[in-house]
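Content type compact mmCIF, C-alpha atoms and all ligand atoms, from the file work_39.txt:
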```txt
# COMPACT_ATOMS: atom_id res chain seq x y z
CA MET A 1 115.20 75.05 80.18
CA GLU A 2 117.25 74.85 83.30
CA ASN A 3 115.54 75.89 86.49
CA ARG A 4 117.35 77.58 89.36
CA GLU A 5 116.27 78.44 92.88
CA ALA A 6 117.75 80.37 95.79
CA LEU A 7 117.99 78.19 98.87
CA LEU A 8 118.29 79.47 102.41
CA LEU A 9 120.68 76.86 103.82
CA GLU A 10 120.88 78.19 107.37
CA PRO A 11 120.26 81.60 108.95
CA GLY A 12 122.35 84.13 107.04
CA LYS A 13 123.34 81.79 104.19
CA ILE A 14 121.53 81.85 100.84
CA GLN A 15 122.77 80.43 97.55
CA VAL A 16 121.42 79.71 94.06
CA PHE A 17 121.29 76.06 92.89
CA PRO A 18 119.93 74.21 89.84
CA CYS A 19 116.56 72.54 90.48
CA GLU A 20 113.87 70.56 88.66
CA MET A 21 111.50 72.16 86.17
CA PRO A 22 108.00 72.16 87.65
CA VAL A 23 105.16 70.22 85.97
CA ILE A 24 101.87 72.14 85.96
CA GLN A 25 98.46 70.82 87.03
CA ASP A 26 95.24 71.46 85.04
CA ASP A 27 94.48 74.61 87.02
CA GLU A 28 98.06 75.95 87.11
CA VAL A 29 100.31 78.04 84.95
CA LEU A 30 104.06 77.93 84.41
CA VAL A 31 105.56 81.33 85.10
CA LYS A 32 108.99 82.49 83.98
CA MET A 33 109.94 84.79 86.82
CA GLU A 34 110.98 88.35 85.97
CA TYR A 35 111.12 90.15 89.31
CA CYS A 36 110.69 89.20 92.93
CA GLY A 37 110.93 91.65 95.83
CA VAL A 38 112.69 91.02 99.12
CA CYS A 39 110.12 91.55 101.88
CA GLY A 40 110.73 92.42 105.53
CA SER A 41 109.47 88.94 106.39
CA ASP A 42 112.02 87.37 104.00
CA VAL A 43 114.76 89.31 105.78
CA HIS A 44 113.48 88.11 109.15
CA TYR A 45 113.44 84.45 108.04
CA PHE A 46 116.87 84.93 106.48
CA ARG A 47 118.36 86.25 109.71
CA PHE A 48 116.61 84.16 112.33
CA GLY A 49 115.18 81.11 110.51
CA GLY A 50 111.70 81.86 111.80
CA ILE A 51 109.13 84.42 112.87
CA GLY A 52 107.64 83.68 116.29
CA ARG A 53 106.28 80.14 116.24
CA ARG A 54 106.78 79.74 112.50
CA LYS A 55 110.11 77.99 111.98
CA VAL A 56 111.76 77.31 108.65
CA THR A 57 112.90 73.81 107.66
CA PHE A 58 116.15 74.12 105.73
CA PRO A 59 116.81 74.33 102.87
CA TYR A 60 114.05 76.86 102.32
CA VAL A 61 112.88 79.06 99.44
CA LEU A 62 111.99 82.68 100.29
CA GLY A 63 110.22 85.35 98.19
CA HIS A 64 106.56 86.20 97.63
CA GLU A 65 106.43 89.53 95.75
CA CYS A 66 106.68 88.14 92.26
CA THR A 67 105.89 88.79 88.63
CA GLY A 68 106.70 87.04 85.38
CA GLU A 69 105.55 85.78 82.02
CA VAL A 70 103.16 82.89 81.49
CA LEU A 71 104.91 80.18 79.47
CA GLU A 72 102.35 77.42 79.69
CA ILE A 73 98.77 77.01 80.97
CA GLY A 74 96.88 73.99 82.28
CA SER A 75 93.81 72.67 80.44
CA LYS A 76 91.34 74.31 82.87
CA VAL A 77 92.92 77.77 82.91
CA THR A 78 90.84 80.61 81.44
CA ASN A 79 91.85 83.84 83.19
CA VAL A 80 95.36 84.16 81.74
CA THR A 81 97.06 82.90 78.63
CA VAL A 82 100.53 82.13 77.26
CA GLY A 83 102.58 85.30 76.85
CA ASP A 84 100.67 87.30 79.49
CA LYS A 85 102.70 89.22 82.04
CA VAL A 86 101.27 88.46 85.45
CA VAL A 87 101.59 89.36 89.10
CA MET A 88 101.06 86.51 91.50
CA GLU A 89 99.09 87.00 94.70
CA PRO A 90 101.17 84.95 97.14
CA GLY A 91 98.40 83.80 99.46
CA LEU A 92 95.56 81.49 98.43
CA GLY A 93 92.72 80.64 100.77
CA CYS A 94 91.11 77.18 100.85
CA GLY A 95 88.12 78.62 98.98
CA HIS A 96 85.37 77.00 101.06
CA CYS A 97 85.67 77.96 104.74
CA GLU A 98 83.55 80.63 106.43
CA TYR A 99 86.21 83.30 105.85
CA CYS A 100 86.84 82.45 102.21
CA MET A 101 83.10 82.29 101.53
CA THR A 102 82.61 85.78 102.96
CA GLY A 103 85.48 87.28 100.98
CA ARG A 104 87.79 87.57 103.97
CA TYR A 105 90.18 84.95 102.68
CA ASN A 106 93.17 86.60 104.36
CA LEU A 107 91.74 85.17 107.59
CA CYS A 108 91.47 81.61 106.19
CA GLU A 109 93.09 79.18 108.61
CA ASP A 110 94.20 76.94 105.76
CA MET A 111 95.80 79.65 103.67
CA LYS A 112 98.81 78.69 101.64
CA PHE A 113 101.12 81.67 101.57
CA MET A 114 104.42 81.71 99.69
CA ALA A 115 107.56 81.82 101.82
CA THR A 116 105.58 81.25 105.02
CA PRO A 117 106.46 77.88 106.56
CA PRO A 118 105.64 75.17 105.65
CA TYR A 119 105.23 76.65 102.14
CA ASN A 120 108.18 77.56 99.96
CA GLY A 121 108.45 80.84 98.11
CA ALA A 122 109.17 82.24 94.69
CA PHE A 123 112.93 82.83 94.43
CA LYS A 124 113.10 80.53 91.41
CA LYS A 125 113.38 81.03 87.68
CA TYR A 126 110.41 78.88 86.74
CA MET A 127 107.47 78.24 88.96
CA ALA A 128 104.10 76.47 88.72
CA TYR A 129 101.27 78.40 90.38
CA PRO A 130 97.45 78.17 90.52
CA ALA A 131 95.98 80.42 87.84
CA ARG A 132 93.43 81.86 90.29
CA GLY A 133 96.37 83.57 92.02
CA CYS A 134 97.64 85.16 88.80
CA PHE A 135 96.52 88.59 87.56
CA LYS A 136 97.32 89.89 84.12
CA LEU A 137 99.29 93.13 83.99
CA PRO A 138 98.22 95.60 81.29
CA GLU A 139 100.83 96.68 78.75
CA SER A 140 101.46 99.96 80.56
CA VAL A 141 102.32 98.33 83.90
CA SER A 142 105.79 96.79 83.94
CA THR A 143 106.66 93.59 85.76
CA LEU A 144 109.03 95.66 87.90
CA GLU A 145 106.10 97.78 89.08
CA GLY A 146 104.12 94.56 89.40
CA ALA A 147 106.65 93.21 91.90
CA MET A 148 105.69 96.08 94.24
CA ILE A 149 101.94 95.33 94.14
CA GLU A 150 102.17 92.93 97.10
CA PRO A 151 103.56 95.50 99.57
CA LEU A 152 101.23 98.09 98.01
CA ALA A 153 98.32 95.76 98.78
CA VAL A 154 99.27 95.92 102.46
CA GLY A 155 99.11 99.73 102.32
CA MET A 156 95.83 99.74 100.39
CA HIS A 157 94.21 97.31 102.80
CA ALA A 158 95.37 99.47 105.71
CA ALA A 159 93.93 102.60 104.05
CA ARG A 160 90.63 100.79 103.52
CA ARG A 161 90.56 99.67 107.14
CA GLY A 162 91.13 103.29 108.12
CA GLU A 163 88.25 104.39 105.84
CA VAL A 164 90.38 107.12 104.34
CA ASP A 165 88.57 109.64 102.15
CA ASN A 166 88.85 113.31 101.21
CA SER A 167 87.65 114.46 104.62
CA LYS A 168 90.43 112.71 106.52
CA VAL A 169 93.66 114.09 107.90
CA VAL A 170 96.04 111.17 108.04
CA LEU A 171 99.17 110.53 110.10
CA ILE A 172 101.51 107.73 109.04
CA THR A 173 104.28 106.87 111.50
CA GLY A 174 107.33 105.24 109.90
CA MET A 175 108.39 105.71 106.29
CA GLY A 176 109.83 102.30 105.50
CA CYS A 177 108.47 100.45 102.48
CA ILE A 178 105.05 99.73 104.03
CA GLY A 179 104.77 103.31 105.32
CA LEU A 180 105.43 104.64 101.83
CA MET A 181 102.92 102.19 100.33
CA THR A 182 100.32 103.33 102.87
CA LEU A 183 101.09 106.91 101.87
CA LEU A 184 100.58 106.14 98.16
CA SER A 185 97.31 104.40 99.02
CA CYS A 186 95.97 107.28 101.16
CA LYS A 187 96.93 109.64 98.35
CA ALA A 188 95.01 107.52 95.83
CA MET A 189 92.01 107.66 98.22
CA ASN A 190 92.24 111.47 98.19
CA ALA A 191 93.14 111.99 101.84
CA GLN A 192 92.73 115.65 102.71
CA LYS A 193 96.14 115.98 104.31
CA ILE A 194 98.92 113.42 104.84
CA ILE A 195 101.45 113.90 107.61
CA VAL A 196 104.32 111.43 107.90
CA THR A 197 107.03 110.74 110.47
CA ASP A 198 110.39 109.00 110.60
CA ILE A 199 113.79 109.48 112.20
CA PHE A 200 115.66 109.40 108.87
CA GLN A 201 115.65 112.54 106.75
CA ASN A 202 116.21 110.67 103.46
CA ARG A 203 113.07 108.62 104.06
CA LEU A 204 111.07 111.74 104.84
CA GLU A 205 112.28 113.35 101.65
CA LYS A 206 111.19 110.29 99.68
CA ALA A 207 107.77 110.58 101.34
CA LEU A 208 107.48 114.24 100.34
CA GLU A 209 108.47 113.31 96.80
CA LEU A 210 105.73 110.65 96.78
CA GLY A 211 103.07 113.14 97.88
CA ALA A 212 103.13 113.59 101.66
CA ASP A 213 102.02 117.10 102.69
CA TYR A 214 104.12 117.36 105.86
CA ALA A 215 107.08 115.37 107.12
CA ILE A 216 108.06 115.38 110.77
CA ASN A 217 111.51 114.20 111.78
CA VAL A 218 110.76 112.75 115.20
CA ALA A 219 114.47 112.61 116.06
CA GLU A 220 114.48 116.41 116.11
CA THR A 221 110.90 117.53 116.61
CA ASP A 222 108.24 116.83 119.24
CA MET A 223 105.82 114.89 117.08
CA LEU A 224 102.66 115.46 119.13
CA GLU A 225 103.30 119.17 119.42
CA LYS A 226 103.91 119.56 115.68
CA LEU A 227 100.90 117.41 114.87
CA LYS A 228 98.64 119.62 116.98
CA GLU A 229 99.92 122.64 115.14
CA LEU A 230 99.15 121.00 111.78
CA THR A 231 95.65 119.84 112.76
CA ASP A 232 94.11 122.85 114.57
CA GLU A 233 94.93 121.17 117.90
CA LYS A 234 92.65 118.22 117.03
CA GLY A 235 94.99 115.39 116.10
CA ALA A 236 94.70 113.15 113.04
CA ASP A 237 91.45 111.51 111.92
CA VAL A 238 93.31 108.34 111.01
CA VAL A 239 96.67 107.26 112.42
CA PHE A 240 98.65 104.44 110.80
CA GLU A 241 101.44 102.80 112.76
CA THR A 242 103.79 101.22 110.21
CA ALA A 243 107.08 101.50 112.09
CA GLY A 244 106.41 98.34 114.09
CA ARG A 245 107.70 99.95 117.28
CA ALA A 246 106.11 99.59 120.71
CA GLN A 247 106.94 103.19 121.56
CA THR A 248 105.25 104.57 118.45
CA ALA A 249 102.19 102.38 118.97
CA ALA A 250 101.86 103.52 122.58
CA GLN A 251 102.08 107.17 121.56
CA ASN A 252 99.42 107.03 118.86
CA VAL A 253 96.53 107.29 121.31
CA PHE A 254 97.70 110.87 121.86
CA ALA A 255 97.98 111.54 118.12
CA VAL A 256 94.49 110.46 117.06
CA ARG A 257 91.63 112.92 117.31
CA ARG A 258 88.50 112.35 119.35
CA GLY A 259 86.48 109.59 117.72
CA GLY A 260 89.28 108.84 115.28
CA VAL A 261 90.77 105.58 114.07
CA ILE A 262 94.17 104.02 114.70
CA VAL A 263 95.28 101.33 112.26
CA GLN A 264 98.09 99.12 113.52
CA VAL A 265 100.00 97.97 110.43
CA GLY A 266 103.53 97.27 111.68
CA THR A 267 104.37 94.01 113.41
CA ILE A 268 105.48 94.62 116.98
CA ALA A 269 107.32 91.79 118.71
CA ASP A 270 107.54 93.52 122.11
CA PRO A 271 104.66 94.10 124.53
CA VAL A 272 103.19 97.59 124.15
CA PRO A 273 102.60 99.69 127.31
CA TYR A 274 99.21 100.89 126.16
CA GLN A 275 97.13 103.43 128.05
CA PHE A 276 93.68 102.11 127.28
CA ASN A 277 92.05 104.63 129.59
CA GLU A 278 93.25 107.38 127.22
CA LEU A 279 91.65 105.54 124.32
CA GLY A 280 88.38 105.33 126.22
CA LYS A 281 88.35 109.03 126.97
CA ILE A 282 88.25 109.87 123.28
CA GLU A 283 86.25 106.89 121.97
CA ALA A 284 88.87 106.10 119.34
CA ASP A 285 89.04 102.76 117.51
CA ILE A 286 92.09 100.58 117.06
CA ARG A 287 92.00 98.34 114.02
CA SER A 288 94.49 95.73 112.98
CA VAL A 289 95.35 94.44 109.52
CA PHE A 290 96.43 90.98 108.48
CA ARG A 291 97.99 91.11 105.01
CA TYR A 292 95.16 92.11 102.58
CA ARG A 293 92.24 90.78 100.58
CA ASN A 294 90.60 91.50 97.22
CA ILE A 295 93.16 94.20 96.43
CA PHE A 296 95.31 93.07 93.49
CA PRO A 297 92.82 93.81 90.66
CA LEU A 298 92.12 97.29 92.04
CA ALA A 299 95.83 97.96 92.62
CA ILE A 300 96.55 97.11 88.97
CA LYS A 301 93.81 99.52 87.81
CA LEU A 302 95.05 102.37 90.00
CA ILE A 303 98.61 101.94 88.72
CA GLU A 304 97.36 101.79 85.11
CA LYS A 305 95.33 104.98 85.62
CA GLY A 306 98.31 106.75 87.14
CA ASP A 307 96.64 107.22 90.54
CA ILE A 308 99.49 105.29 92.10
CA ASP A 309 103.02 105.79 90.81
CA LEU A 310 105.20 102.85 91.80
CA LYS A 311 107.98 103.90 89.42
CA ALA A 312 108.71 106.79 91.77
CA VAL A 313 109.43 104.33 94.59
CA ASP A 314 112.70 103.65 92.79
CA PRO A 315 113.73 100.23 94.16
CA ASP A 316 117.27 98.82 94.16
CA ILE A 317 117.58 95.99 91.63
CA PHE A 318 119.86 92.96 92.10
CA ASP A 319 120.59 90.10 89.76
CA PHE A 320 118.98 86.85 90.98
CA GLU A 321 122.40 85.24 91.21
CA ASP A 322 123.42 88.02 93.64
CA VAL A 323 120.58 87.26 96.03
CA ASP A 324 123.01 87.32 98.99
CA LYS A 325 123.95 90.92 98.14
CA ALA A 326 120.29 91.92 98.08
CA PHE A 327 119.87 90.58 101.63
CA ASP A 328 123.09 92.20 102.74
CA THR A 329 121.80 95.55 101.46
CA ALA A 330 118.36 95.10 102.99
CA ILE A 331 119.95 94.36 106.37
CA ASN A 332 122.89 96.74 106.45
CA ARG A 333 121.64 99.65 104.38
CA GLY A 334 117.95 99.27 105.12
CA ASN A 335 117.60 102.94 106.00
CA GLU A 336 118.87 104.05 102.61
CA VAL A 337 116.97 101.69 100.33
CA VAL A 338 113.20 101.52 100.08
CA LYS A 339 113.01 98.11 98.48
CA CYS A 340 115.41 95.45 97.16
CA ILE A 341 114.13 93.53 94.15
CA LEU A 342 115.67 90.53 92.39
CA LYS A 343 115.76 90.51 88.59
CA PHE A 344 115.73 87.10 86.91
ZN ZN A 401 105.75 91.21 101.24
ZN ZN A 402 89.44 79.25 103.67
```
Re-express the file's structure as structure tokens.
Amino acid sequence: MENREALLLEPGKIQVFPCEMPVIQDDEVLVKMEYCGVCGSDVHYFRFGGIGRRKVTFPYVLGHECTGEVLEIGSKVTNVTVGDKVVMEPGLGCGHCEYCMTGRYNLCEDMKFMATPPYNGAFKKYMAYPARGCFKLPESVSTLEGAMIEPLAVGMHAARRGEVDNSKVVLITGMGCIGLMTLLSCKAMNAQKIIVTDIFQNRLEKALELGADYAINVAETDMLEKLKELTDEKGADVVFETAGRAQTAAQNVFAVRRGGVIVQVGTIADPVPYQFNELGKIEADIRSVFRYRNIFPLAIKLIEKGDIDLKAVDPDIFDFEDVDKAFDTAINRGNEVVKCILKF
């Protein structure tokens, strides 16, 4: 077996090279990669070699939305076996700090997360990984669908943070991949009404196809006005900001209803001119999300049951050897494609 990995050599330059076959530890499995998605964070590292204070040391391996087949298991592994198709949860907490012990392992300060410096990612044909981070996919869930569970987990965690249920009118601003995943999650949690926004019509159409009730093109329509009309003048019970734009985040205090909840999902690099006095007047909550926790097993069940249809997301597939083309597409045609996924 010859192993191969995609190395980011410098910002904007990625290439596939032969590499060593990994040797597994007692608690690890050897996974033959089948699919790995290209995340927004991968694109950011690819372009700029870092995100904020986190800088990449070159050469660097990206990728963290991965699925494959188990080829070998260590002597202590009991949760998966040879031949299983698995999805890998890319972040593993230390297992013994205060956060890990209370189930909030996404907040663990010693978390090892794939493709987040200093840890390398999963753009490789064969990879050793701790079995506790591997979840078996049932027969009816493909490894291609499995490769979208990681971004879905972000949306599901956001929906949980927003306490979405069948009484809630939801507004999701931004219909990029995470916006769509939040939409699918709110749908699976039976949101009463889901209103979505974007400036691109094709994205809004995708959202309607995936189950949104109303789509507002904010390039043409006054969002707040339209929202009032759709919510009996009240505003939305839960507002999700997934666009990652300061302007959208600042506006959401006028979109949420009195006593409602705003969930900030998108990453905003710029300072946000926030009118906190407006927030106080309506006693609304702002909640943040950091990745997700305890979601993968539930996500698998919801996909298996048909409550969440990832097939309909319809990603663009690229051969692993064409990894540079996948990044080119994600960067230059990002508005047209929902998700680029590498096939191994
Ligand atoms: Zn991701
Ligand atoms: Zn920990």
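Candidate residues A:Leu144, A:Leu279, A:Ala207, A:Cys100 were compared for distance to ligand ZN 402 (chain A), and the nearest is A:Cys100, using all atoms listed in the file.
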Requested in this report: Go through the chains and note each residue within 12 Å of ligand ZN 401 (chain A), using only C-alpha atoms and all ligand atoms, then give the set as a VMD selection string.
Outcome: chain A and resid 36 to 44 62 to 66 88 to 91 113 to 116 121 to 122 147 to 155 177 to 178 181 290 to 292 339 to 341
Store the residues picked out above in a file with C-alpha atoms, as an mmCIF file, in the coordinates of the input.
```cif
data_model
loop_
_atom_site.group_PDB
_atom_site.id
_atom_site.type_symbol
_atom_site.label_atom_id
_atom_site.label_comp_id
_atom_site.auth_asym_id
_atom_site.auth_seq_id
_atom_site.Cartn_x
_atom_site.Cartn_y
_atom_site.Cartn_z
ATOM 1 C CA CYS A 36 110.690 89.200 92.930
ATOM 2 C CA GLY A 37 110.930 91.650 95.830
ATOM 3 C CA VAL A 38 112.690 91.020 99.120
ATOM 4 C CA CYS A 39 110.120 91.550 101.880
ATOM 5 C CA GLY A 40 110.730 92.420 105.530
ATOM 6 C CA SER A 41 109.470 88.940 106.390
ATOM 7 C CA ASP A 42 112.020 87.370 104.000
ATOM 8 C CA VAL A 43 114.760 89.310 105.780
ATOM 9 C CA HIS A 44 113.480 88.110 109.150
ATOM 10 C CA LEU A 62 111.990 82.680 100.290
ATOM 11 C CA GLY A 63 110.220 85.350 98.190
ATOM 12 C CA HIS A 64 106.560 86.200 97.630
ATOM 13 C CA GLU A 65 106.430 89.530 95.750
ATOM 14 C CA CYS A 66 106.680 88.140 92.260
ATOM 15 C CA MET A 88 101.060 86.510 91.500
ATOM 16 C CA GLU A 89 99.090 87.000 94.700
ATOM 17 C CA PRO A 90 101.170 84.950 97.140
ATOM 18 C CA GLY A 91 98.400 83.800 99.460
ATOM 19 C CA PHE A 113 101.120 81.670 101.570
ATOM 20 C CA MET A 114 104.420 81.710 99.690
ATOM 21 C CA ALA A 115 107.560 81.820 101.820
ATOM 22 C CA THR A 116 105.580 81.250 105.020
ATOM 23 C CA GLY A 121 108.450 80.840 98.110
ATOM 24 C CA ALA A 122 109.170 82.240 94.690
ATOM 25 C CA ALA A 147 106.650 93.210 91.900
ATOM 26 C CA MET A 148 105.690 96.080 94.240
ATOM 27 C CA ILE A 149 101.940 95.330 94.140
ATOM 28 C CA GLU A 150 102.170 92.930 97.100
ATOM 29 C CA PRO A 151 103.560 95.500 99.570
ATOM 30 C CA LEU A 152 101.230 98.090 98.010
ATOM 31 C CA ALA A 153 98.320 95.760 98.780
ATOM 32 C CA VAL A 154 99.270 95.920 102.460
ATOM 33 C CA GLY A 155 99.110 99.730 102.320
ATOM 34 C CA CYS A 177 108.470 100.450 102.480
ATOM 35 C CA ILE A 178 105.050 99.730 104.030
ATOM 36 C CA MET A 181 102.920 102.190 100.330
ATOM 37 C CA PHE A 290 96.430 90.980 108.480
ATOM 38 C CA ARG A 291 97.990 91.110 105.010
ATOM 39 C CA TYR A 292 95.160 92.110 102.580
ATOM 40 C CA LYS A 339 113.010 98.110 98.480
ATOM 41 C CA CYS A 340 115.410 95.450 97.160
ATOM 42 C CA ILE A 341 114.130 93.530 94.150
#
```
Requested in this report: Using all atoms listed in the file, pick whichever of A:Lys234, A:Lys124, A:Lys112, A:Arg258 has the shortest atom-to-atom distance to ligand ZN 402 (chain A).
Outcome: A:Lys112
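Using all atoms listed in the file for every distance, the candidate list A:Val82, A:Cys108, A:Val61, A:Met33 yields A:Cys108 as the residue closest to ligand ZN 402 (chain A).
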Report task. Enumerate as a list of chain:residue names the residues within 9 Å of ligand ZN 402 (chain A), counting all atoms listed in the file. Result ->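 Answer in the requested format: A:Leu92, A:Gly93, A:Cys94, A:Gly95, A:His96, A:Cys97, A:Glu98, A:Tyr99, A:Cys100, A:Met101, A:Arg104, A:Tyr105, A:Asn106, A:Leu107, A:Cys108, A:Glu109, A:Asp110, A:Met111.
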Query raised in the report: Within 12 Å of A:Leu8, counting all atoms listed in the file, which residues qualify if same-chain residues fewer than 3 places away don't, as a PyMOL selection string?
Result: chain A and resi 5+11-17+42-50+56-63+115+120-121+123+323-324+327
N, CA, C and O atoms are needed for stretch 235-256 of chain A; please write them out as a PDB file, keeping the file's coordinate frame.
```
ATOM      1  N   GLY A 235      94.406 116.717 116.324  1.00  0.00           N
ATOM      2  CA  GLY A 235      94.990 115.390 116.100  1.00  0.00           C
ATOM      3  C   GLY A 235      94.512 114.846 114.761  1.00  0.00           C
ATOM      4  O   GLY A 235      93.665 115.457 114.095  1.00  0.00           O
ATOM      5  N   ALA A 236      95.027 113.704 114.361  1.00  0.00           N
ATOM      6  CA  ALA A 236      94.700 113.150 113.040  1.00  0.00           C
ATOM      7  C   ALA A 236      93.427 112.316 113.090  1.00  0.00           C
ATOM      8  O   ALA A 236      93.147 111.661 114.089  1.00  0.00           O
ATOM      9  N   ASP A 237      92.665 112.344 112.004  1.00  0.00           N
ATOM     10  CA  ASP A 237      91.450 111.510 111.920  1.00  0.00           C
ATOM     11  C   ASP A 237      91.817 110.038 111.885  1.00  0.00           C
ATOM     12  O   ASP A 237      91.139 109.209 112.479  1.00  0.00           O
ATOM     13  N   VAL A 238      92.863 109.734 111.121  1.00  0.00           N
ATOM     14  CA  VAL A 238      93.310 108.340 111.010  1.00  0.00           C
ATOM     15  C   VAL A 238      94.819 108.303 111.245  1.00  0.00           C
ATOM     16  O   VAL A 238      95.564 109.069 110.634  1.00  0.00           O
ATOM     17  N   VAL A 239      95.248 107.419 112.132  1.00  0.00           N
ATOM     18  CA  VAL A 239      96.670 107.260 112.420  1.00  0.00           C
ATOM     19  C   VAL A 239      97.094 105.846 112.018  1.00  0.00           C
ATOM     20  O   VAL A 239      96.475 104.869 112.447  1.00  0.00           O
ATOM     21  N   PHE A 240      98.116 105.755 111.186  1.00  0.00           N
ATOM     22  CA  PHE A 240      98.650 104.440 110.800  1.00  0.00           C
ATOM     23  C   PHE A 240      99.992 104.244 111.486  1.00  0.00           C
ATOM     24  O   PHE A 240     100.886 105.086 111.338  1.00  0.00           O
ATOM     25  N   GLU A 241     100.147 103.136 112.195  1.00  0.00           N
ATOM     26  CA  GLU A 241     101.440 102.800 112.760  1.00  0.00           C
ATOM     27  C   GLU A 241     102.078 101.775 111.816  1.00  0.00           C
ATOM     28  O   GLU A 241     101.588 100.642 111.703  1.00  0.00           O
ATOM     29  N   THR A 242     103.129 102.170 111.114  1.00  0.00           N
ATOM     30  CA  THR A 242     103.790 101.220 110.210  1.00  0.00           C
ATOM     31  C   THR A 242     105.235 100.970 110.623  1.00  0.00           C
ATOM     32  O   THR A 242     105.935 100.199 109.981  1.00  0.00           O
ATOM     33  N   ALA A 243     105.686 101.641 111.663  1.00  0.00           N
ATOM     34  CA  ALA A 243     107.080 101.500 112.090  1.00  0.00           C
ATOM     35  C   ALA A 243     107.318 100.166 112.805  1.00  0.00           C
ATOM     36  O   ALA A 243     108.435  99.650 112.829  1.00  0.00           O
ATOM     37  N   GLY A 244     106.259  99.598 113.371  1.00  0.00           N
ATOM     38  CA  GLY A 244     106.410  98.340 114.090  1.00  0.00           C
ATOM     39  C   GLY A 244     107.174  98.512 115.393  1.00  0.00           C
ATOM     40  O   GLY A 244     107.929  97.639 115.799  1.00  0.00           O
ATOM     41  N   ARG A 245     106.983  99.674 116.025  1.00  0.00           N
ATOM     42  CA  ARG A 245     107.700  99.950 117.280  1.00  0.00           C
ATOM     43  C   ARG A 245     106.700 100.154 118.430  1.00  0.00           C
ATOM     44  O   ARG A 245     105.727 100.908 118.294  1.00  0.00           O
ATOM     45  N   ALA A 246     106.993  99.512 119.550  1.00  0.00           N
ATOM     46  CA  ALA A 246     106.110  99.590 120.710  1.00  0.00           C
ATOM     47  C   ALA A 246     105.897 101.044 121.136  1.00  0.00           C
ATOM     48  O   ALA A 246     104.774 101.460 121.442  1.00  0.00           O
ATOM     49  N   GLN A 247     106.983 101.799 121.132  1.00  0.00           N
ATOM     50  CA  GLN A 247     106.940 103.190 121.560  1.00  0.00           C
ATOM     51  C   GLN A 247     105.997 104.028 120.688  1.00  0.00           C
ATOM     52  O   GLN A 247     105.199 104.821 121.189  1.00  0.00           O
ATOM     53  N   THR A 248     106.100 103.841 119.374  1.00  0.00           N
ATOM     54  CA  THR A 248     105.250 104.570 118.450  1.00  0.00           C
ATOM     55  C   THR A 248     103.785 104.173 118.645  1.00  0.00           C
ATOM     56  O   THR A 248     102.892 105.018 118.678  1.00  0.00           O
ATOM     57  N   ALA A 249     103.564 102.876 118.794  1.00  0.00           N
ATOM     58  CA  ALA A 249     102.190 102.380 118.970  1.00  0.00           C
ATOM     59  C   ALA A 249     101.574 102.960 120.239  1.00  0.00           C
ATOM     60  O   ALA A 249     100.411 103.355 120.255  1.00  0.00           O
ATOM     61  N   ALA A 250     102.370 103.015 121.306  1.00  0.00           N
ATOM     62  CA  ALA A 250     101.860 103.520 122.580  1.00  0.00           C
ATOM     63  C   ALA A 250     101.517 105.001 122.494  1.00  0.00           C
ATOM     64  O   ALA A 250     100.579 105.481 123.133  1.00  0.00           O
ATOM     65  N   GLN A 251     102.259 105.722 121.673  1.00  0.00           N
ATOM     66  CA  GLN A 251     102.080 107.170 121.560  1.00  0.00           C
ATOM     67  C   GLN A 251     100.852 107.555 120.728  1.00  0.00           C
ATOM     68  O   GLN A 251     100.300 108.653 120.899  1.00  0.00           O
ATOM     69  N   ASN A 252     100.440 106.650 119.841  1.00  0.00           N
ATOM     70  CA  ASN A 252      99.420 107.030 118.860  1.00  0.00           C
ATOM     71  C   ASN A 252      98.064 107.397 119.459  1.00  0.00           C
ATOM     72  O   ASN A 252      97.290 108.120 118.838  1.00  0.00           O
ATOM     73  N   VAL A 253      97.793 106.927 120.668  1.00  0.00           N
ATOM     74  CA  VAL A 253      96.530 107.290 121.310  1.00  0.00           C
ATOM     75  C   VAL A 253      96.483 108.796 121.593  1.00  0.00           C
ATOM     76  O   VAL A 253      95.410 109.385 121.699  1.00  0.00           O
ATOM     77  N   PHE A 254      97.653 109.419 121.645  1.00  0.00           N
ATOM     78  CA  PHE A 254      97.700 110.870 121.860  1.00  0.00           C
ATOM     79  C   PHE A 254      97.757 111.640 120.528  1.00  0.00           C
ATOM     80  O   PHE A 254      97.710 112.859 120.511  1.00  0.00           O
ATOM     81  N   ALA A 255      97.894 110.901 119.433  1.00  0.00           N
ATOM     82  CA  ALA A 255      97.980 111.540 118.120  1.00  0.00           C
ATOM     83  C   ALA A 255      96.636 111.536 117.389  1.00  0.00           C
ATOM     84  O   ALA A 255      96.379 112.358 116.525  1.00  0.00           O
ATOM     85  N   VAL A 256      95.771 110.580 117.760  1.00  0.00           N
ATOM     86  CA  VAL A 256      94.490 110.460 117.060  1.00  0.00           C
ATOM     87  C   VAL A 256      93.486 111.458 117.640  1.00  0.00           C
ATOM     88  O   VAL A 256      93.530 111.774 118.830  1.00  0.00           O
TER      89      VAL A 256
END
```
